[in-house]
Number of protein chains: 2
Amino acid sequence: MSVTMEKIVSLCKRRGFIFQSSEIYGGINACYDYGPLGVELKKNIKEIWWRSMVYERDDIVGLDAAILMHPRVWEASGHVAGFTDPLVDCRICKQRFREDEIPPAKWEKRQCPHCGNVGSLTDARQFNLMFKTHMGPIEEDASVVYLRPETAQGIYVNFKNVIDSSRKKIPFGIAQIGKAFRNEITPGNFTFRTREFEQAEMQFFVKPGHDEAKFEMWQKIRMDWYRRIGIRENKMRFRPHGSGELAHYAKAAMDIEYEYPIGWKELEGIHNRTDYDLTRHQEYSGKDLSYFDDASRERFVPYIIETSAGIDRTVLTCLIDGYEEEKLDNETRIVLHLDPKIAPIKTAVFPLVNRDGMPELAHQIAKELMGDFNVFYDDSGAVGRRYRRQDEAGTPYCITIDSQTLQDQTVTIRDRDSMKQDRVPIHGISVELKNRIQGKN
Amino acid sequence: MSVTMEKIVSLCKRRGFIFQSSEIYGGINACYDYGPLGVELKKNIKEIWWRSMVYERDDIVGLDAAILMHPRVWEASGHVAGFTDPLVDCRICKQRFREDEIPPAKWEKRQCPHCGNVGSLTDARQFNLMFKTHMGPIEEDASVVYLRPETAQGIYVNFKNVIDSSRKKIPFGIAQIGKAFRNEITPGNFTFRTREFEQAEMQFFVKPGHDEAKFEMWQKIRMDWYRRIGIRENKMRFRPHGSGELAHYAKAAMDIEYEYPIGWKELEGIHNRTDYDLTRHQEYSGKDLSYFDDASRERFVPYIIETSAGIDRTVLTCLIDGYEEEKLDNETRIVLHLDPKIAPIKTAVFPLVNRDGMPELAHQIAKELMGDFNVFYDDSGAVGRRYRRQDEAGTPYCITIDSQTLQDQTVTIRDRDSMKQDRVPIHGISVELKNRIQGKN
């Protein structure tokens, strides 16, 4: 049975991955809350991204810029003038559309795709997607600030500060994870396109002329990263942007796409932004953002290669990619084949039955593992049902304490994917789990 | 020499801990960006908080709710009606004040504390501190949403969803780290009070009658946590709120205070919020938020014990608490005595000189350690200067490769605080560092 968005939404709510925000008040459109399992999955993905970008490399440093920035930033970036979508209303049914999402044949006749009335659609108006608020007590034009629609600008405006304080030399990058906000006209498909979302962006500063090689390099590194977190190779592909769809700042753009239940869609974008960003901020701020290269004795405005991932979309992709309804002899089990490295719970510990000292021993083992792993203890219901609950949560290993444990101090480790059980001595569990999570077994 | 806020601000900018947001545009008031060192310090503090709250306990789960919530949430919580500060303007110099911050003698005469004019102050107007924006394309009352002024409400409105999906039983808690926003009239003192900030809040749900014991328990746990991240004991104290200063929802409140350069101020608040929050949300949402206790066969609306910490303020406290200008024989060294667990860089690796194969070996050692620690490589300038640079960054251990290394495969490990150097074999560095960071040596 193939995975659908509805099945993912249902699993997410049932097991506490993702809830609709403010659900008890009827929800708020296109905002979502991460529950106990979701927050761990998201946290693990962010941690692996940060580790691969910052800790395992010596040419990238981290940054965490504020969401509220000076409004001139968004004039320089081009967002105030150009970050708009063409908004169309139906005068009859009051439904709202993005002009570019209306089929051309209907748009020609101004025929509403929702109620079907001909001639009912308004002309398209340009609607700016930035959320606007006011800083300070007076709501006047001078106090307008925006919620950032992307994290990238926080990196650009800090370029000089980072160079001066970290003494990094080009080529080097700045990595950042943080929230961004877009007042989308037509958000949807669960957490695929939301109004509040988290980005993981890295901006790599290079010497002009070296940009094309680094653009290639980062495509490969980023595709490898998705493999590293367990996304299936055959569900991903590269898609270069044609010259007609390139953003105004981009010399080249490559999407990494994933085959979602709604079709092939962008998972990540890698962009050659040229010197557009730093040149614009130089112009608007009046500050010199050029770089002096000691080696070549040249001064230049760096080119930027950007890798831009959405954390919420990556979480959703991992859930979709891992979801399986597996037919067994007498039942269908729902299992989430998450890579052990990103699984919210690494191991669940069960006493087979609640007597003969098994619960006490199970508690003790769970407690000892807690220092190293996120552990879940469960003693309610038949053990088969407990396995199924962990299959759905994506827990890769279940440890069961049974009557043999009391005699020979061994427990079973049960593998989520193969359902195979191995006996291992209690004192060796922690190392065994570590090896399995890191993929050494 | 005693630490001042100015010295901290200067160190933060110089070394890349904290920058003013949008600095190249003149900055934006009361918003800050974390640079390469600051982001790591903040990340480490958040990770230790999460570990102590979620991973090391089996009675707390995590959550990550959206910043944008349904506007009814803030009616139920009391923020729309009551989250206000009394705002006073000076008609002459246009300065703005919070009425409660004007000395009573001056307020009586309506005398401006800034320009000194008598009778120049306006009456106080109640100003709501929530940032307001609009969701969807039309700016009308129906589309108003707020940036959350606290993370707590995201936990309350998800109480039922968390119970249903995680099967937790009371007493249990929900922990969350996330951004919140307050349109403060008079922010200030660097990152002590900002308009955008990050909270780490935990809401512990208990049976009515059990609240006072848990309120005591959490005071102790939270004070212990600040010791764990290395804050000096004698700089902290408890301060109970008097009945006159209790918030409307609180039965009791206890601050953990720290002695800042600006005096004793709140570092964290622990509150007995009673059943106020869930009762209000029950009323406003029409949803049943009571809990059925299997053990006692009783149904009740849980009481809530809240622990509320500010991550930015904790980062600032660690910087202040660790800062020392130490007089040595011939110089003064600036050193940040950060606990090794929270230090941004765990170890710096230096070749003593840039010849005889030392840089190559140093690079190799740095690369090997990178999998386990955040490592910094530095080969520029005299080694004494390199030590000083790491002292200022709070790096607890420096590893130097010298000519003896080439002969006997040992390196020196130099301790930041004692400046003492020990020789250890290369193959033992990783374990040695781990033990020292965990405080086992």
# chains A, B, ... in the order shown; residues from 1 in each chain; ligands from 1
>>> select_by_dssp(residues="range 42-213 of chain B", states="alpha helix (DSSP H)", output="ChimeraX atom specification")
/B:42-50,72-76,79-82,104-108,152-156,159-166,211-213
>>> residues_around(residues="range 175-178 of chain A", least_positions_apart="5", cutoff="6 Å", atoms="only C-alpha atoms", output="ChimeraX atom specification")
/A:62-64,198-202
>>> closest_residue(among="A:Lys106, A:His281, A:Lys46, A:Arg228", to="chain B", atoms="only C-alpha atoms")
A:His281
>>> residues_around(residues="Glu325 in chain A", least_positions_apart="3", cutoff="8 Å", atoms="only C-alpha atoms", output="PDB file with N, CA and C atoms, in the first residue's frame")
ATOM      1  N   MET A   1       0.849  -1.202   0.000  1.00  0.00           N
ATOM      2  CA  MET A   1       0.000   0.000   0.000  1.00  0.00           C
ATOM      3  C   MET A   1       0.874   1.238   0.000  1.00  0.00           C
ATOM      4  N   SER A   2       0.551   2.191  -0.834  1.00  0.00           N
ATOM      5  CA  SER A   2       1.437   3.338  -0.950  1.00  0.00           C
ATOM      6  C   SER A   2       1.087   4.389   0.100  1.00  0.00           C
ATOM      7  N   THR A 332      -1.226  -6.397   9.323  1.00  0.00           N
ATOM      8  CA  THR A 332      -0.421  -5.387   8.651  1.00  0.00           C
ATOM      9  C   THR A 332       0.220  -4.552   9.740  1.00  0.00           C
ATOM     10  N   ARG A 333       1.528  -4.414   9.664  1.00  0.00           N
ATOM     11  CA  ARG A 333       2.132  -3.528  10.671  1.00  0.00           C
ATOM     12  C   ARG A 333       2.546  -2.224  10.006  1.00  0.00           C
ATOM     13  N   ILE A 334       2.339  -1.122  10.738  1.00  0.00           N
ATOM     14  CA  ILE A 334       2.834   0.179  10.278  1.00  0.00           C
ATOM     15  C   ILE A 334       4.199   0.370  10.907  1.00  0.00           C
ATOM     16  N   VAL A 335       5.195   0.610  10.054  1.00  0.00           N
ATOM     17  CA  VAL A 335       6.548   0.762  10.564  1.00  0.00           C
ATOM     18  C   VAL A 335       7.199   1.983   9.919  1.00  0.00           C
TER      19      VAL A 335
END
>>> select_by_dssp(residues="range 140-364 of chain B", states="strand (DSSP E or B)", output="number ranges by chain")
B: 144-147, 172-181, 188, 193, 196-206, 236-240, 252-260, 263-272, 291-293, 298-300, 303-310, 323-327, 332-336, 347-351
>>> residues_around(residues="range 242-245 of chain A", least_positions_apart="6", cutoff="12 Å", atoms="only C-alpha atoms", output="MDAnalysis selection string")
chainID A and resid 251:255
>>> residues_around(residues="Leu87 in chain A", least_positions_apart="2", cutoff="10 Å", atoms="only C-alpha atoms", output="ChimeraX atom specification")
/A:84-85,89,96-100,122-128,185-186 /B:137
>>> write_last_selection(atoms="N, CA, C and O atoms", output="CSV table (one decimal), in the first residue's frame")
chain,number,residue,atom,x,y,z
A,84,THR,N,6.9,39.1,-3.8
A,84,THR,CA,5.4,39.1,-3.9
A,84,THR,C,4.9,37.9,-4.6
A,84,THR,O,5.6,37.3,-5.4
A,85,ASP,N,3.6,37.6,-4.4
A,85,ASP,CA,2.9,36.7,-5.2
A,85,ASP,C,1.7,37.3,-5.8
A,85,ASP,O,1.1,38.2,-5.2
A,89,ASP,N,-8.7,37.1,-6.4
A,89,ASP,CA,-9.9,36.7,-5.6
A,89,ASP,C,-11.0,36.3,-6.5
A,89,ASP,O,-11.1,36.8,-7.7
A,96,ARG,N,-9.5,32.4,-2.7
A,96,ARG,CA,-8.3,33.2,-3.0
A,96,ARG,C,-7.3,32.3,-3.7
A,96,ARG,O,-7.1,31.1,-3.3
A,97,PHE,N,-6.6,32.8,-4.7
A,97,PHE,CA,-5.6,32.0,-5.5
A,97,PHE,C,-4.4,32.7,-5.8
A,97,PHE,O,-4.4,34.0,-5.8
A,98,ARG,N,-3.3,32.0,-6.1
A,98,ARG,CA,-2.1,32.5,-6.7
A,98,ARG,C,-2.3,32.4,-8.2
A,98,ARG,O,-2.6,31.3,-8.7
A,99,GLU,N,-2.2,33.5,-8.9
A,99,GLU,CA,-2.5,33.5,-10.4
A,99,GLU,C,-1.7,32.4,-11.1
A,99,GLU,O,-2.3,31.7,-11.9
A,100,ASP,N,-0.4,32.2,-10.7
A,100,ASP,CA,0.4,31.2,-11.4
A,100,ASP,C,-0.1,29.7,-11.1
A,100,ASP,O,0.5,28.8,-11.6
A,122,THR,N,-10.9,38.4,-10.0
A,122,THR,CA,-10.3,39.7,-10.1
A,122,THR,C,-9.0,39.7,-10.9
A,122,THR,O,-8.5,38.6,-11.1
A,123,ASP,N,-8.5,40.9,-11.2
A,123,ASP,CA,-7.2,40.9,-11.8
A,123,ASP,C,-6.2,40.5,-10.6
A,123,ASP,O,-6.6,40.6,-9.5
A,124,ALA,N,-5.0,40.2,-11.0
A,124,ALA,CA,-4.0,39.8,-10.0
A,124,ALA,C,-3.4,41.0,-9.4
A,124,ALA,O,-3.0,42.0,-10.1
A,125,ARG,N,-3.3,41.0,-8.1
A,125,ARG,CA,-2.6,42.1,-7.4
A,125,ARG,C,-1.3,41.6,-6.8
A,125,ARG,O,-1.3,40.4,-6.3
A,126,GLN,N,-0.2,42.3,-6.8
A,126,GLN,CA,1.0,41.8,-6.2
A,126,GLN,C,0.9,42.0,-4.6
A,126,GLN,O,0.7,43.0,-4.1
A,127,PHE,N,1.0,40.8,-4.0
A,127,PHE,CA,0.9,40.8,-2.5
A,127,PHE,C,2.2,40.4,-1.9
A,127,PHE,O,2.8,39.4,-2.2
A,128,ASN,N,2.8,41.3,-1.0
A,128,ASN,CA,4.1,41.0,-0.4
A,128,ASN,C,3.9,39.9,0.7
A,128,ASN,O,3.0,40.0,1.6
A,185,ILE,N,-0.1,32.8,0.3
A,185,ILE,CA,-1.5,32.9,-0.1
A,185,ILE,C,-2.1,31.5,-0.1
A,185,ILE,O,-3.2,31.3,0.4
A,186,THR,N,-1.4,30.5,-0.6
A,186,THR,CA,-1.9,29.1,-0.6
A,186,THR,C,-0.9,28.1,0.0
A,186,THR,O,-0.3,27.4,-0.7
B,137,PRO,N,-3.8,37.8,3.4
B,137,PRO,CA,-3.5,39.1,2.7
B,137,PRO,C,-4.2,40.3,3.1
B,137,PRO,O,-3.8,41.4,2.8
>>> residues_around(residues="Ile67 in chain A", least_positions_apart="6", cutoff="8 Å", atoms="only C-alpha atoms", output="NGL selection string")
(:A and (147-148 or 151 or 179-180)) or (:B and (196))
>>> write_last_selection(atoms="all heavy atoms", output="PDB file, in the first residue's frame")
ATOM      1  N   LEU A 147       9.090  40.149   9.940  1.00  0.00           N
ATOM      2  CA  LEU A 147       9.610  38.846  10.342  1.00  0.00           C
ATOM      3  C   LEU A 147      10.421  38.339   9.151  1.00  0.00           C
ATOM      4  O   LEU A 147       9.910  38.311   8.028  1.00  0.00           O
ATOM      5  CB  LEU A 147       8.476  37.860  10.636  1.00  0.00           C
ATOM      6  CG  LEU A 147       7.406  38.309  11.634  1.00  0.00           C
ATOM      7  CD1 LEU A 147       6.586  37.096  12.087  1.00  0.00           C
ATOM      8  CD2 LEU A 147       8.026  38.981  12.840  1.00  0.00           C
ATOM      9  N   ARG A 148      11.641  37.931   9.365  1.00  0.00           N
ATOM     10  CA  ARG A 148      12.490  37.575   8.223  1.00  0.00           C
ATOM     11  C   ARG A 148      11.859  36.452   7.396  1.00  0.00           C
ATOM     12  O   ARG A 148      11.378  35.462   7.960  1.00  0.00           O
ATOM     13  CB  ARG A 148      13.893  37.155   8.687  1.00  0.00           C
ATOM     14  CG  ARG A 148      13.919  35.889   9.504  1.00  0.00           C
ATOM     15  CD  ARG A 148      15.355  35.486   9.865  1.00  0.00           C
ATOM     16  NE  ARG A 148      15.320  34.335  10.767  1.00  0.00           N
ATOM     17  CZ  ARG A 148      16.321  33.980  11.556  1.00  0.00           C
ATOM     18  NH1 ARG A 148      17.441  34.678  11.575  1.00  0.00           N
ATOM     19  NH2 ARG A 148      16.201  32.918  12.340  1.00  0.00           N
ATOM     20  N   THR A 151      16.607  33.115   6.347  1.00  0.00           N
ATOM     21  CA  THR A 151      17.673  33.353   7.320  1.00  0.00           C
ATOM     22  C   THR A 151      18.926  33.925   6.658  1.00  0.00           C
ATOM     23  O   THR A 151      19.768  34.513   7.323  1.00  0.00           O
ATOM     24  CB  THR A 151      18.051  32.054   8.056  1.00  0.00           C
ATOM     25  OG1 THR A 151      18.438  31.059   7.099  1.00  0.00           O
ATOM     26  CG2 THR A 151      16.885  31.536   8.885  1.00  0.00           C
ATOM     27  N   LYS A 179      14.223  30.128  12.435  1.00  0.00           N
ATOM     28  CA  LYS A 179      12.867  30.278  11.915  1.00  0.00           C
ATOM     29  C   LYS A 179      12.798  31.381  10.858  1.00  0.00           C
ATOM     30  O   LYS A 179      13.508  32.376  10.923  1.00  0.00           O
ATOM     31  CB  LYS A 179      11.924  30.664  13.067  1.00  0.00           C
ATOM     32  CG  LYS A 179      11.620  29.531  14.039  1.00  0.00           C
ATOM     33  CD  LYS A 179      10.378  28.744  13.638  1.00  0.00           C
ATOM     34  CE  LYS A 179      10.146  27.546  14.518  1.00  0.00           C
ATOM     35  NZ  LYS A 179       8.983  27.688  15.419  1.00  0.00           N
ATOM     36  N   ALA A 180      11.895  31.188   9.901  1.00  0.00           N
ATOM     37  CA  ALA A 180      11.560  32.217   8.937  1.00  0.00           C
ATOM     38  C   ALA A 180      10.043  32.166   8.725  1.00  0.00           C
ATOM     39  O   ALA A 180       9.387  31.181   9.094  1.00  0.00           O
ATOM     40  CB  ALA A 180      12.312  32.003   7.624  1.00  0.00           C
TER      41      ALA A 180
ATOM     42  N   GLU B 196      13.492  40.307  21.406  1.00  0.00           N
ATOM     43  CA  GLU B 196      13.408  38.945  20.881  1.00  0.00           C
ATOM     44  C   GLU B 196      14.320  38.101  21.747  1.00  0.00           C
ATOM     45  O   GLU B 196      15.485  38.445  21.936  1.00  0.00           O
ATOM     46  CB  GLU B 196      13.885  38.924  19.421  1.00  0.00           C
ATOM     47  CG  GLU B 196      14.004  37.524  18.848  1.00  0.00           C
ATOM     48  CD  GLU B 196      14.443  37.519  17.381  1.00  0.00           C
ATOM     49  OE1 GLU B 196      14.309  38.542  16.682  1.00  0.00           O
ATOM     50  OE2 GLU B 196      14.926  36.457  16.945  1.00  0.00           O
TER      51      GLU B 196
END
>>> closest_residue(among="B:Asp402, B:Glu150, B:Glu139, B:Glu368", to="Gly428 in chain B", atoms="only C-alpha atoms")
B:Glu368
>>> closest_residue(among="B:Leu129, B:Ile413, B:Met53, B:Ile24", to="Phe159 in chain A", atoms="only C-alpha atoms")
B:Ile24
>>> residues_around(residues="Pro425 in chain B", least_positions_apart="2", cutoff="9 Å", atoms="only C-alpha atoms", output="list in words")
Thr405, Asp408, Gln409, Thr410, Val411, Thr412, Arg423, His427, Gly428 and Ile429 of chain B
>>> closest_residue(among="A:Ile163, A:Ala362, A:Leu328, A:Ile401", to="chain B", atoms="only C-alpha atoms")
A:Ile163
>>> closest_residue(among="A:Lys420, A:Lys367, A:Lys109, A:Lys327", to="chain B", atoms="only C-alpha atoms")
A:Lys367
>>> atom_distance(atom1="CA of Ile399 in chain A", atom2="CA of Glu47 in chain A")
25.7 Å
>>> atom_distance(atom1="CA of Ser21 in chain B", atom2="CA of Asn44 in chain B")
21.6 Å
>>> closest_residue(among="A:Glu23, A:Glu392, A:Asp288, A:Glu298", to="Lys160 in chain A", atoms="only C-alpha atoms")
A:Asp288
>>> decode(residues="range 173-270 of chain A", atoms="C-alpha atoms", output="PDB file, in the first residue's frame")
ATOM      1  CA  GLY A 173      31.147  29.431   4.955  1.00  0.00           C
ATOM      2  CA  ILE A 174      28.668  30.561   7.611  1.00  0.00           C
ATOM      3  CA  ALA A 175      25.935  28.141   8.676  1.00  0.00           C
ATOM      4  CA  GLN A 176      22.680  28.956  10.415  1.00  0.00           C
ATOM      5  CA  ILE A 177      19.502  27.234  11.553  1.00  0.00           C
ATOM      6  CA  GLY A 178      16.514  29.370  12.416  1.00  0.00           C
ATOM      7  CA  LYS A 179      12.867  30.278  11.915  1.00  0.00           C
ATOM      8  CA  ALA A 180      11.560  32.217   8.937  1.00  0.00           C
ATOM      9  CA  PHE A 181       8.031  33.386   8.077  1.00  0.00           C
ATOM     10  CA  ARG A 182       6.129  33.798   4.845  1.00  0.00           C
ATOM     11  CA  ASN A 183       2.556  34.957   4.570  1.00  0.00           C
ATOM     12  CA  GLU A 184       1.776  32.397   1.850  1.00  0.00           C
ATOM     13  CA  ILE A 185      -1.462  32.851  -0.102  1.00  0.00           C
ATOM     14  CA  THR A 186      -1.923  29.131  -0.607  1.00  0.00           C
ATOM     15  CA  PRO A 187       0.061  27.148   1.961  1.00  0.00           C
ATOM     16  CA  GLY A 188      -0.721  23.476   2.239  1.00  0.00           C
ATOM     17  CA  ASN A 189       0.154  19.827   2.009  1.00  0.00           C
ATOM     18  CA  PHE A 190       0.666  19.550   5.762  1.00  0.00           C
ATOM     19  CA  THR A 191       4.149  20.773   6.705  1.00  0.00           C
ATOM     20  CA  PHE A 192       5.380  20.908   3.108  1.00  0.00           C
ATOM     21  CA  ARG A 193       4.576  24.612   2.795  1.00  0.00           C
ATOM     22  CA  THR A 194       3.825  26.472   6.010  1.00  0.00           C
ATOM     23  CA  ARG A 195       3.753  30.100   7.085  1.00  0.00           C
ATOM     24  CA  GLU A 196       6.220  29.572   9.913  1.00  0.00           C
ATOM     25  CA  PHE A 197       9.128  27.264   9.199  1.00  0.00           C
ATOM     26  CA  GLU A 198      12.710  26.500  10.088  1.00  0.00           C
ATOM     27  CA  GLN A 199      15.576  26.836   7.636  1.00  0.00           C
ATOM     28  CA  ALA A 200      19.070  25.385   7.651  1.00  0.00           C
ATOM     29  CA  GLU A 201      21.106  27.591   5.361  1.00  0.00           C
ATOM     30  CA  MET A 202      24.804  27.775   4.628  1.00  0.00           C
ATOM     31  CA  GLN A 203      26.430  30.584   2.687  1.00  0.00           C
ATOM     32  CA  PHE A 204      29.853  29.802   1.248  1.00  0.00           C
ATOM     33  CA  PHE A 205      32.002  32.824   0.316  1.00  0.00           C
ATOM     34  CA  VAL A 206      34.344  32.289  -2.613  1.00  0.00           C
ATOM     35  CA  LYS A 207      36.588  34.217  -4.933  1.00  0.00           C
ATOM     36  CA  PRO A 208      34.853  35.182  -8.209  1.00  0.00           C
ATOM     37  CA  GLY A 209      35.847  32.636 -10.808  1.00  0.00           C
ATOM     38  CA  HIS A 210      35.974  29.858  -8.208  1.00  0.00           C
ATOM     39  CA  ASP A 211      32.192  29.909  -7.858  1.00  0.00           C
ATOM     40  CA  GLU A 212      31.299  27.319 -10.478  1.00  0.00           C
ATOM     41  CA  ALA A 213      33.547  24.628  -9.026  1.00  0.00           C
ATOM     42  CA  LYS A 214      32.196  25.228  -5.510  1.00  0.00           C
ATOM     43  CA  PHE A 215      28.632  25.222  -6.833  1.00  0.00           C
ATOM     44  CA  GLU A 216      29.303  21.716  -8.182  1.00  0.00           C
ATOM     45  CA  MET A 217      31.008  20.636  -4.964  1.00  0.00           C
ATOM     46  CA  TRP A 218      28.105  21.662  -2.749  1.00  0.00           C
ATOM     47  CA  GLN A 219      25.550  19.831  -4.896  1.00  0.00           C
ATOM     48  CA  LYS A 220      27.402  16.610  -4.242  1.00  0.00           C
ATOM     49  CA  ILE A 221      27.921  17.247  -0.524  1.00  0.00           C
ATOM     50  CA  ARG A 222      24.262  18.045   0.055  1.00  0.00           C
ATOM     51  CA  MET A 223      22.956  15.033  -1.870  1.00  0.00           C
ATOM     52  CA  ASP A 224      25.319  12.868   0.192  1.00  0.00           C
ATOM     53  CA  TRP A 225      23.903  14.380   3.368  1.00  0.00           C
ATOM     54  CA  TYR A 226      20.361  13.263   2.536  1.00  0.00           C
ATOM     55  CA  ARG A 227      21.698   9.767   1.966  1.00  0.00           C
ATOM     56  CA  ARG A 228      23.452   9.976   5.314  1.00  0.00           C
ATOM     57  CA  ILE A 229      20.156  10.620   7.120  1.00  0.00           C
ATOM     58  CA  GLY A 230      18.681   7.610   5.360  1.00  0.00           C
ATOM     59  CA  ILE A 231      16.599   9.003   2.474  1.00  0.00           C
ATOM     60  CA  ARG A 232      16.344   6.439  -0.314  1.00  0.00           C
ATOM     61  CA  GLU A 233      18.555   7.199  -3.268  1.00  0.00           C
ATOM     62  CA  ASN A 234      15.984   6.378  -5.944  1.00  0.00           C
ATOM     63  CA  LYS A 235      13.478   8.875  -4.504  1.00  0.00           C
ATOM     64  CA  MET A 236      15.821  11.821  -5.042  1.00  0.00           C
ATOM     65  CA  ARG A 237      17.072  13.616  -8.133  1.00  0.00           C
ATOM     66  CA  PHE A 238      18.753  16.812  -9.226  1.00  0.00           C
ATOM     67  CA  ARG A 239      16.827  19.371 -11.242  1.00  0.00           C
ATOM     68  CA  PRO A 240      18.664  22.391 -12.647  1.00  0.00           C
ATOM     69  CA  HIS A 241      16.700  25.614 -12.976  1.00  0.00           C
ATOM     70  CA  GLY A 242      16.187  26.801 -16.511  1.00  0.00           C
ATOM     71  CA  SER A 243      17.294  30.340 -17.307  1.00  0.00           C
ATOM     72  CA  GLY A 244      13.650  31.427 -17.297  1.00  0.00           C
ATOM     73  CA  GLU A 245      13.029  30.412 -13.690  1.00  0.00           C
ATOM     74  CA  LEU A 246      16.234  31.721 -12.116  1.00  0.00           C
ATOM     75  CA  ALA A 247      15.807  34.230  -9.287  1.00  0.00           C
ATOM     76  CA  HIS A 248      17.092  37.730 -10.040  1.00  0.00           C
ATOM     77  CA  TYR A 249      20.169  37.203  -7.824  1.00  0.00           C
ATOM     78  CA  ALA A 250      21.126  33.790  -9.199  1.00  0.00           C
ATOM     79  CA  LYS A 251      23.592  32.806 -11.877  1.00  0.00           C
ATOM     80  CA  ALA A 252      22.664  29.141 -11.484  1.00  0.00           C
ATOM     81  CA  ALA A 253      20.372  27.078  -9.267  1.00  0.00           C
ATOM     82  CA  MET A 254      20.028  23.366  -8.657  1.00  0.00           C
ATOM     83  CA  ASP A 255      17.203  21.740  -6.743  1.00  0.00           C
ATOM     84  CA  ILE A 256      17.459  18.447  -4.955  1.00  0.00           C
ATOM     85  CA  GLU A 257      13.991  16.996  -5.466  1.00  0.00           C
ATOM     86  CA  TYR A 258      12.164  14.208  -3.661  1.00  0.00           C
ATOM     87  CA  GLU A 259       9.263  12.158  -4.970  1.00  0.00           C
ATOM     88  CA  TYR A 260       6.482  13.073  -2.521  1.00  0.00           C
ATOM     89  CA  PRO A 261       2.964  11.610  -2.655  1.00  0.00           C
ATOM     90  CA  ILE A 262       2.122  14.957  -4.338  1.00  0.00           C
ATOM     91  CA  GLY A 263       4.846  14.497  -6.961  1.00  0.00           C
ATOM     92  CA  TRP A 264       8.481  15.506  -7.438  1.00  0.00           C
ATOM     93  CA  LYS A 265       9.086  18.666  -5.409  1.00  0.00           C
ATOM     94  CA  GLU A 266      11.997  20.677  -4.104  1.00  0.00           C
ATOM     95  CA  LEU A 267      13.702  19.349  -1.007  1.00  0.00           C
ATOM     96  CA  GLU A 268      16.684  21.718  -1.077  1.00  0.00           C
ATOM     97  CA  GLY A 269      17.995  24.511  -3.281  1.00  0.00           C
ATOM     98  CA  ILE A 270      21.659  25.157  -4.063  1.00  0.00           C
TER      99      ILE A 270
END
